[in-house]
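Q: First, the structure itself, so that you have it in front of you.
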Amino acid sequence: MPPSTGTVSKPADFGYFWRMFMRFRIPGLLLVLLPFAIGADGRDEEAFADIHVHFNWDQREIIGAPEIIDKLQRGGVEFAVVASTPSDLALELRRAGGDRILPLFSPYTHELGRRDWYLHARTAELAEAGLRSGAYRGIGEIHFMTGFRPRFDNPVFQRLLDLAEEYRVPVLIHIDAADEQLFVDLCRARPGLKLLVAHAGGNLQAAHVRRLVEQCSGAMVEFSARDPWRYGGLTGEDGRLLPGWRQLVIDYPGRFMTGTDPVWKVTRTQSWDQADDGWDHFERLLAYHRHWLDDLPRPVAQQVRIGNARRFFGRANTED
């Protein structure tokens, strides 16, 4: 059973002492102590929705689905949204974790699918079959890198968006862009699309995202991969949200979610020819997000931590 969303940690729990320490923390110690922030058994009393994880072929070489499910359970993750390469590995994780896993259809249907997915009509055919059967609960992650293919008008991509609207499922999109305009153009062209914007806090700073949420009423934004060990851009040295981000989240508490995105090949510490050991870092990534959430007003933190994700992904029988 997932942890309660409203229970306060008992004073004997490590999580309680961590929160007390962080209220009187000494700047500079945060990054040393974050790996231990969720205690010896990794548990926290407050449920968390991790809306951006992967189980890719080069992760499966060193960690199995049961081990990942154990990490999620011990970390208090009520459910995780999974995009995998190849796409069917998300279904393997679903078989191991049941309702704790919400698999997305990734257009990267083979190990190197990120290079050529947009060239093949078969990609959309597989997506349609997976959505029709109920195996997948959304589409993504789809990457667009500025100056590289595909273009937004690519017919395979447009067909995936058609399917997302038809089946009323979310689409998780990563756009490496200098401003919010590509997202704004997309949501204006597709006002019925359940758009989830990946990785705010990189090129897209708080002012960009404020314009995005104000102009795109249906778009949701997530903060995965913006921890200090990878791209950063979200929090200061004390681990708190930077002022612009904090005010934006407080102004629009119903528009944000977060996740760990345990992929480590984006760092300088790992070569691309190695298996991806990102899940070895999951606990400290989760602790990092729990920490900055804990600095928000409690009702706002609750929405970003779990409530918005429950609504967006259609989790039944919630009161958030």
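Naming scheme: A, B, ... for chains in displayed order of the structure tokens; residues 1 onward per chain; ligands 1 onward as shown.
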Tell me which protein, DNA and RNA residues are within 12 Å of Phe312 (chain A), counting only C-alpha atoms, leaving out same-chain ones fewer than 5 positions away, and put them as a PDB file with N, CA and C atoms, in the first residue's frame.
A:
ATOM      1  N   ALA A  49       4.908  11.609  -6.139  1.00  0.00           N
ATOM      2  CA  ALA A  49       4.729  11.140  -7.512  1.00  0.00           C
ATOM      3  C   ALA A  49       5.980  11.504  -8.298  1.00  0.00           C
ATOM      4  N   ILE A  51       7.308  11.842 -11.635  1.00  0.00           N
ATOM      5  CA  ILE A  51       6.679  11.870 -12.938  1.00  0.00           C
ATOM      6  C   ILE A  51       7.693  11.826 -14.091  1.00  0.00           C
ATOM      7  N   VAL A  81       6.047   7.679 -13.349  1.00  0.00           N
ATOM      8  CA  VAL A  81       5.735   7.742 -14.775  1.00  0.00           C
ATOM      9  C   VAL A  81       7.012   7.379 -15.528  1.00  0.00           C
ATOM     10  N   LEU A 102       3.211   3.908 -14.169  1.00  0.00           N
ATOM     11  CA  LEU A 102       2.420   4.405 -15.292  1.00  0.00           C
ATOM     12  C   LEU A 102       3.338   4.465 -16.512  1.00  0.00           C
ATOM     13  N   ARG A 137      -0.126   4.678 -20.827  1.00  0.00           N
ATOM     14  CA  ARG A 137      -0.969   5.738 -20.256  1.00  0.00           C
ATOM     15  C   ARG A 137      -0.615   7.127 -20.767  1.00  0.00           C
ATOM     16  N   GLY A 138       0.241   7.187 -21.764  1.00  0.00           N
ATOM     17  CA  GLY A 138       0.639   8.458 -22.337  1.00  0.00           C
ATOM     18  C   GLY A 138       1.720   8.230 -23.365  1.00  0.00           C
ATOM     19  N   ARG A 168      -6.899  10.974 -25.047  1.00  0.00           N
ATOM     20  CA  ARG A 168      -6.888  11.868 -23.890  1.00  0.00           C
ATOM     21  C   ARG A 168      -5.800  11.497 -22.886  1.00  0.00           C
ATOM     22  N   VAL A 169      -4.600  11.334 -23.423  1.00  0.00           N
ATOM     23  CA  VAL A 169      -3.456  10.979 -22.587  1.00  0.00           C
ATOM     24  C   VAL A 169      -2.396  12.071 -22.684  1.00  0.00           C
ATOM     25  N   PRO A 170      -1.528  12.175 -21.693  1.00  0.00           N
ATOM     26  CA  PRO A 170      -0.485  13.212 -21.710  1.00  0.00           C
ATOM     27  C   PRO A 170       0.618  12.908 -22.722  1.00  0.00           C
ATOM     28  N   VAL A 171       1.303  13.971 -23.129  1.00  0.00           N
ATOM     29  CA  VAL A 171       2.508  13.878 -23.945  1.00  0.00           C
ATOM     30  C   VAL A 171       3.630  14.617 -23.219  1.00  0.00           C
ATOM     31  N   LEU A 172       4.720  13.906 -22.949  1.00  0.00           N
ATOM     32  CA  LEU A 172       5.892  14.472 -22.274  1.00  0.00           C
ATOM     33  C   LEU A 172       6.907  14.876 -23.344  1.00  0.00           C
ATOM     34  N   LEU A 193      -4.591  19.352 -26.093  1.00  0.00           N
ATOM     35  CA  LEU A 193      -3.488  18.447 -25.772  1.00  0.00           C
ATOM     36  C   LEU A 193      -3.102  18.543 -24.303  1.00  0.00           C
ATOM     37  N   LYS A 194      -2.899  17.396 -23.671  1.00  0.00           N
ATOM     38  CA  LYS A 194      -2.380  17.354 -22.297  1.00  0.00           C
ATOM     39  C   LYS A 194      -0.853  17.385 -22.381  1.00  0.00           C
ATOM     40  N   LEU A 195      -0.325  18.576 -22.397  1.00  0.00           N
ATOM     41  CA  LEU A 195       1.105  18.784 -22.617  1.00  0.00           C
ATOM     42  C   LEU A 195       1.846  18.833 -21.291  1.00  0.00           C
ATOM     43  N   LEU A 196       2.919  18.052 -21.196  1.00  0.00           N
ATOM     44  CA  LEU A 196       3.798  18.078 -20.040  1.00  0.00           C
ATOM     45  C   LEU A 196       5.178  18.509 -20.501  1.00  0.00           C
ATOM     46  N   GLY A 218      -3.497  24.703 -20.539  1.00  0.00           N
ATOM     47  CA  GLY A 218      -3.496  23.256 -20.344  1.00  0.00           C
ATOM     48  C   GLY A 218      -2.139  22.646 -20.105  1.00  0.00           C
ATOM     49  N   ALA A 219      -1.068  23.436 -20.216  1.00  0.00           N
ATOM     50  CA  ALA A 219       0.276  22.879 -20.095  1.00  0.00           C
ATOM     51  C   ALA A 219       0.681  22.720 -18.633  1.00  0.00           C
ATOM     52  N   MET A 220       1.333  21.598 -18.326  1.00  0.00           N
ATOM     53  CA  MET A 220       1.940  21.351 -17.024  1.00  0.00           C
ATOM     54  C   MET A 220       3.456  21.361 -17.192  1.00  0.00           C
ATOM     55  N   VAL A 221       4.150  21.688 -16.123  1.00  0.00           N
ATOM     56  CA  VAL A 221       5.603  21.854 -16.169  1.00  0.00           C
ATOM     57  C   VAL A 221       6.223  20.999 -15.078  1.00  0.00           C
ATOM     58  N   GLU A 222       7.353  20.342 -15.416  1.00  0.00           N
ATOM     59  CA  GLU A 222       8.040  19.538 -14.396  1.00  0.00           C
ATOM     60  C   GLU A 222       9.511  19.928 -14.284  1.00  0.00           C
ATOM     61  N   GLY A 254      -0.993  24.836  -9.129  1.00  0.00           N
ATOM     62  CA  GLY A 254      -1.612  23.715  -9.821  1.00  0.00           C
ATOM     63  C   GLY A 254      -0.972  23.355 -11.143  1.00  0.00           C
ATOM     64  N   ARG A 255       0.164  23.973 -11.471  1.00  0.00           N
ATOM     65  CA  ARG A 255       0.744  23.792 -12.799  1.00  0.00           C
ATOM     66  C   ARG A 255       2.086  23.079 -12.797  1.00  0.00           C
ATOM     67  N   PHE A 256       2.540  22.609 -11.626  1.00  0.00           N
ATOM     68  CA  PHE A 256       3.891  22.064 -11.549  1.00  0.00           C
ATOM     69  C   PHE A 256       3.914  20.677 -10.911  1.00  0.00           C
ATOM     70  N   MET A 257       4.878  19.874 -11.374  1.00  0.00           N
ATOM     71  CA  MET A 257       5.162  18.558 -10.809  1.00  0.00           C
ATOM     72  C   MET A 257       6.678  18.382 -10.825  1.00  0.00           C
ATOM     73  N   GLN A 303       0.565  19.933  -3.494  1.00  0.00           N
ATOM     74  CA  GLN A 303       0.111  19.889  -4.877  1.00  0.00           C
ATOM     75  C   GLN A 303       1.237  19.472  -5.815  1.00  0.00           C
ATOM     76  N   VAL A 304       2.411  20.062  -5.641  1.00  0.00           N
ATOM     77  CA  VAL A 304       3.527  19.768  -6.533  1.00  0.00           C
ATOM     78  C   VAL A 304       4.054  18.363  -6.301  1.00  0.00           C
ATOM     79  N   ILE A 306       2.393  15.616  -5.122  1.00  0.00           N
ATOM     80  CA  ILE A 306       1.541  14.468  -5.425  1.00  0.00           C
ATOM     81  C   ILE A 306       0.207  14.865  -6.042  1.00  0.00           C
ATOM     82  N   GLY A 307      -0.434  15.937  -5.575  1.00  0.00           N
ATOM     83  CA  GLY A 307      -1.803  16.234  -5.971  1.00  0.00           C
ATOM     84  C   GLY A 307      -1.967  16.529  -7.449  1.00  0.00           C
ATOM     85  N   THR A 318      -8.892  10.151  -5.407  1.00  0.00           N
ATOM     86  CA  THR A 318      -8.050  11.051  -4.632  1.00  0.00           C
ATOM     87  C   THR A 318      -8.864  12.270  -4.247  1.00  0.00           C
ATOM     88  N   ASP A 320      -7.182  15.262  -3.660  1.00  0.00           N
ATOM     89  CA  ASP A 320      -6.284  16.417  -3.824  1.00  0.00           C
ATOM     90  C   ASP A 320      -6.881  17.436  -4.782  1.00  0.00           C
TER      91      ASP A 320
END
Q: I'd like the contact shell of region 177-183 of chain A - 7 Å cut-off, only C-alpha atoms, skipping same-chain residues fewer than 6 positions apart - returned as an NGL selection string.
A: :A and (146 or 203-204 or 208-209 or 212)
Q: Write to file, as a CSV table (one decimal), in the first residue's frame, the residues of the selection just made, with C-alpha atoms.
A:
chain,number,residue,atom,x,y,z
A,146,THR,CA,17.4,23.0,-31.6
A,203,ASN,CA,17.3,27.0,-20.8
A,204,LEU,CA,13.8,27.8,-19.8
A,208,HIS,CA,10.0,32.0,-19.7
A,209,VAL,CA,8.0,29.5,-17.8
A,212,LEU,CA,4.3,29.7,-20.8
Q: Please measure the separation of CA of Trp292 (chain A) and CA of Arg240 (chain A), giving the value in Å to one decimal.
A: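 Spanning CA of Trp292 (chain A) to CA of Arg240 (chain A) is a straight-line distance of 4.9 Å.
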Q: List as a PyMOL selection string the protein and nucleic acid residues near Val156 (chain A), meaning an atom at most 10 Å away when only C-alpha atoms are counted, but skip any in the same chain fewer than 5 places from it.
A: chain A and resi 107+117-125+150+161-162
Q: Since we have the selection now, will you write its residues out, keeping C-alpha atoms, as a compact mmCIF listing (two decimals), in the first residue's frame?
A:
# COMPACT_ATOMS: atom_id res chain seq x y z
CA PRO A 107 8.61 6.42 -29.91
CA TRP A 117 11.71 7.33 -34.84
CA TYR A 118 10.26 10.20 -36.87
CA LEU A 119 11.10 8.51 -40.19
CA HIS A 120 8.76 5.54 -39.81
CA ALA A 121 4.95 5.44 -39.89
CA ARG A 122 5.27 2.22 -37.91
CA THR A 123 6.12 4.32 -34.84
CA ALA A 124 2.62 5.82 -34.76
CA GLU A 125 1.03 2.44 -35.53
CA PRO A 150 12.77 16.36 -36.57
CA LEU A 161 -0.25 14.25 -31.07
CA ASP A 162 -3.47 13.20 -32.82
Q: From the list A:Arg284, A:Leu126, A:Gln215, A:Trp57, which residue is nearest Pro191 (chain A) when using only C-alpha atoms?
A: A:Gln215
Q: Could you please determine the separation between CA of Leu296 (chain A) and CA of Glu46 (chain A) in Å, to one decimal place?
A: 14.4 Å
Q: Choose the residue, out of A:Val266, A:Ala200, A:Ile173, A:Ala47, that has the smallest atom-to-atom separation from Ile142 (chain A); count only C-alpha atoms.
A: A:Ile173
Q: Within region 31-242 of chain A, find each residue whose DSSP state, derived from the backbone, is helix (DSSP H, G or I), and express the selection as a short mmCIF file (atom, residue, chain, number, x, y, z; two decimals) with C-alpha atoms, in the first residue's frame.
A:
data_model
loop_
_atom_site.label_atom_id
_atom_site.label_comp_id
_atom_site.auth_asym_id
_atom_site.auth_seq_id
_atom_site.Cartn_x
_atom_site.Cartn_y
_atom_site.Cartn_z
CA LEU A 31 25.30 18.66 -0.89
CA VAL A 32 27.29 16.57 1.58
CA LEU A 33 24.26 15.41 3.52
CA LEU A 34 21.64 15.07 0.79
CA PRO A 35 22.52 11.44 0.00
CA PHE A 36 21.41 10.51 3.53
CA TRP A 57 18.27 -0.88 -22.16
CA ASP A 58 21.59 0.44 -20.87
CA GLN A 59 20.17 0.69 -17.33
CA ARG A 60 18.71 -2.81 -17.46
CA ALA A 65 12.82 -4.18 -12.59
CA PRO A 66 12.27 -5.69 -9.08
CA GLU A 67 15.18 -3.65 -7.70
CA ILE A 68 13.74 -0.44 -9.15
CA ILE A 69 10.33 -1.18 -7.68
CA ASP A 70 11.97 -1.74 -4.29
CA LYS A 71 13.70 1.65 -4.54
CA LEU A 72 10.44 3.38 -5.40
CA GLN A 73 8.56 1.68 -2.58
CA ARG A 74 11.21 2.44 0.03
CA LEU A 89 10.80 -1.97 -21.08
CA ALA A 90 8.28 0.37 -19.43
CA LEU A 91 5.80 -2.51 -19.63
CA GLU A 92 8.33 -4.81 -17.98
CA LEU A 93 8.55 -2.37 -15.09
CA ARG A 94 4.75 -2.20 -14.96
CA ARG A 95 4.56 -5.99 -14.64
CA ALA A 96 6.96 -5.84 -11.71
CA GLY A 97 5.37 -2.85 -10.00
CA GLY A 98 1.68 -2.98 -10.88
CA ASP A 99 -0.25 0.24 -10.27
CA ARG A 100 2.86 1.94 -8.93
CA GLY A 113 15.32 4.69 -31.85
CA ARG A 114 15.98 8.25 -30.78
CA ARG A 115 17.82 8.72 -34.09
CA TRP A 117 11.71 7.33 -34.84
CA TYR A 118 10.26 10.20 -36.87
CA LEU A 119 11.10 8.51 -40.19
CA ALA A 121 4.95 5.44 -39.89
CA ARG A 122 5.27 2.22 -37.91
CA THR A 123 6.12 4.32 -34.84
CA ALA A 124 2.62 5.82 -34.76
CA GLU A 125 1.03 2.44 -35.53
CA LEU A 126 2.70 0.92 -32.48
CA ALA A 127 1.64 3.89 -30.37
CA GLU A 128 -1.97 3.50 -31.44
CA ALA A 129 -1.99 -0.22 -30.68
CA GLY A 130 -0.48 0.36 -27.25
CA LEU A 131 -2.93 3.13 -26.35
CA ARG A 132 -5.91 1.22 -27.65
CA SER A 133 -5.03 -1.81 -25.53
CA PRO A 155 3.96 13.76 -39.90
CA VAL A 156 4.89 11.01 -37.44
CA PHE A 157 5.08 13.51 -34.57
CA GLN A 158 1.81 15.10 -35.61
CA ARG A 159 0.16 11.68 -35.70
CA LEU A 160 1.38 11.00 -32.15
CA LEU A 161 -0.25 14.25 -31.07
CA ASP A 162 -3.47 13.20 -32.82
CA LEU A 163 -3.42 9.96 -30.83
CA ALA A 164 -2.76 11.78 -27.55
CA GLU A 165 -5.81 13.94 -28.15
CA GLU A 166 -7.94 11.00 -29.28
CA TYR A 167 -7.09 8.88 -26.25
CA GLN A 181 7.82 30.00 -27.88
CA LEU A 182 7.92 26.47 -29.31
CA PHE A 183 5.80 25.23 -26.43
CA VAL A 184 3.42 28.17 -26.76
CA ASP A 185 3.00 27.52 -30.48
CA LEU A 186 2.32 23.86 -29.80
CA CYS A 187 -0.33 24.39 -27.17
CA ARG A 188 -2.04 27.10 -29.24
CA ALA A 189 -2.19 24.74 -32.21
CA ALA A 206 11.36 31.28 -14.46
CA ALA A 207 10.39 34.26 -16.63
CA HIS A 208 10.03 32.01 -19.69
CA VAL A 209 7.95 29.46 -17.82
CA ARG A 210 5.75 32.17 -16.32
CA ARG A 211 4.87 33.28 -19.85
CA LEU A 212 4.26 29.67 -20.81
CA VAL A 213 1.83 28.89 -18.00
CA GLU A 214 0.04 32.20 -18.52
CA GLN A 215 -0.43 31.63 -22.26
#
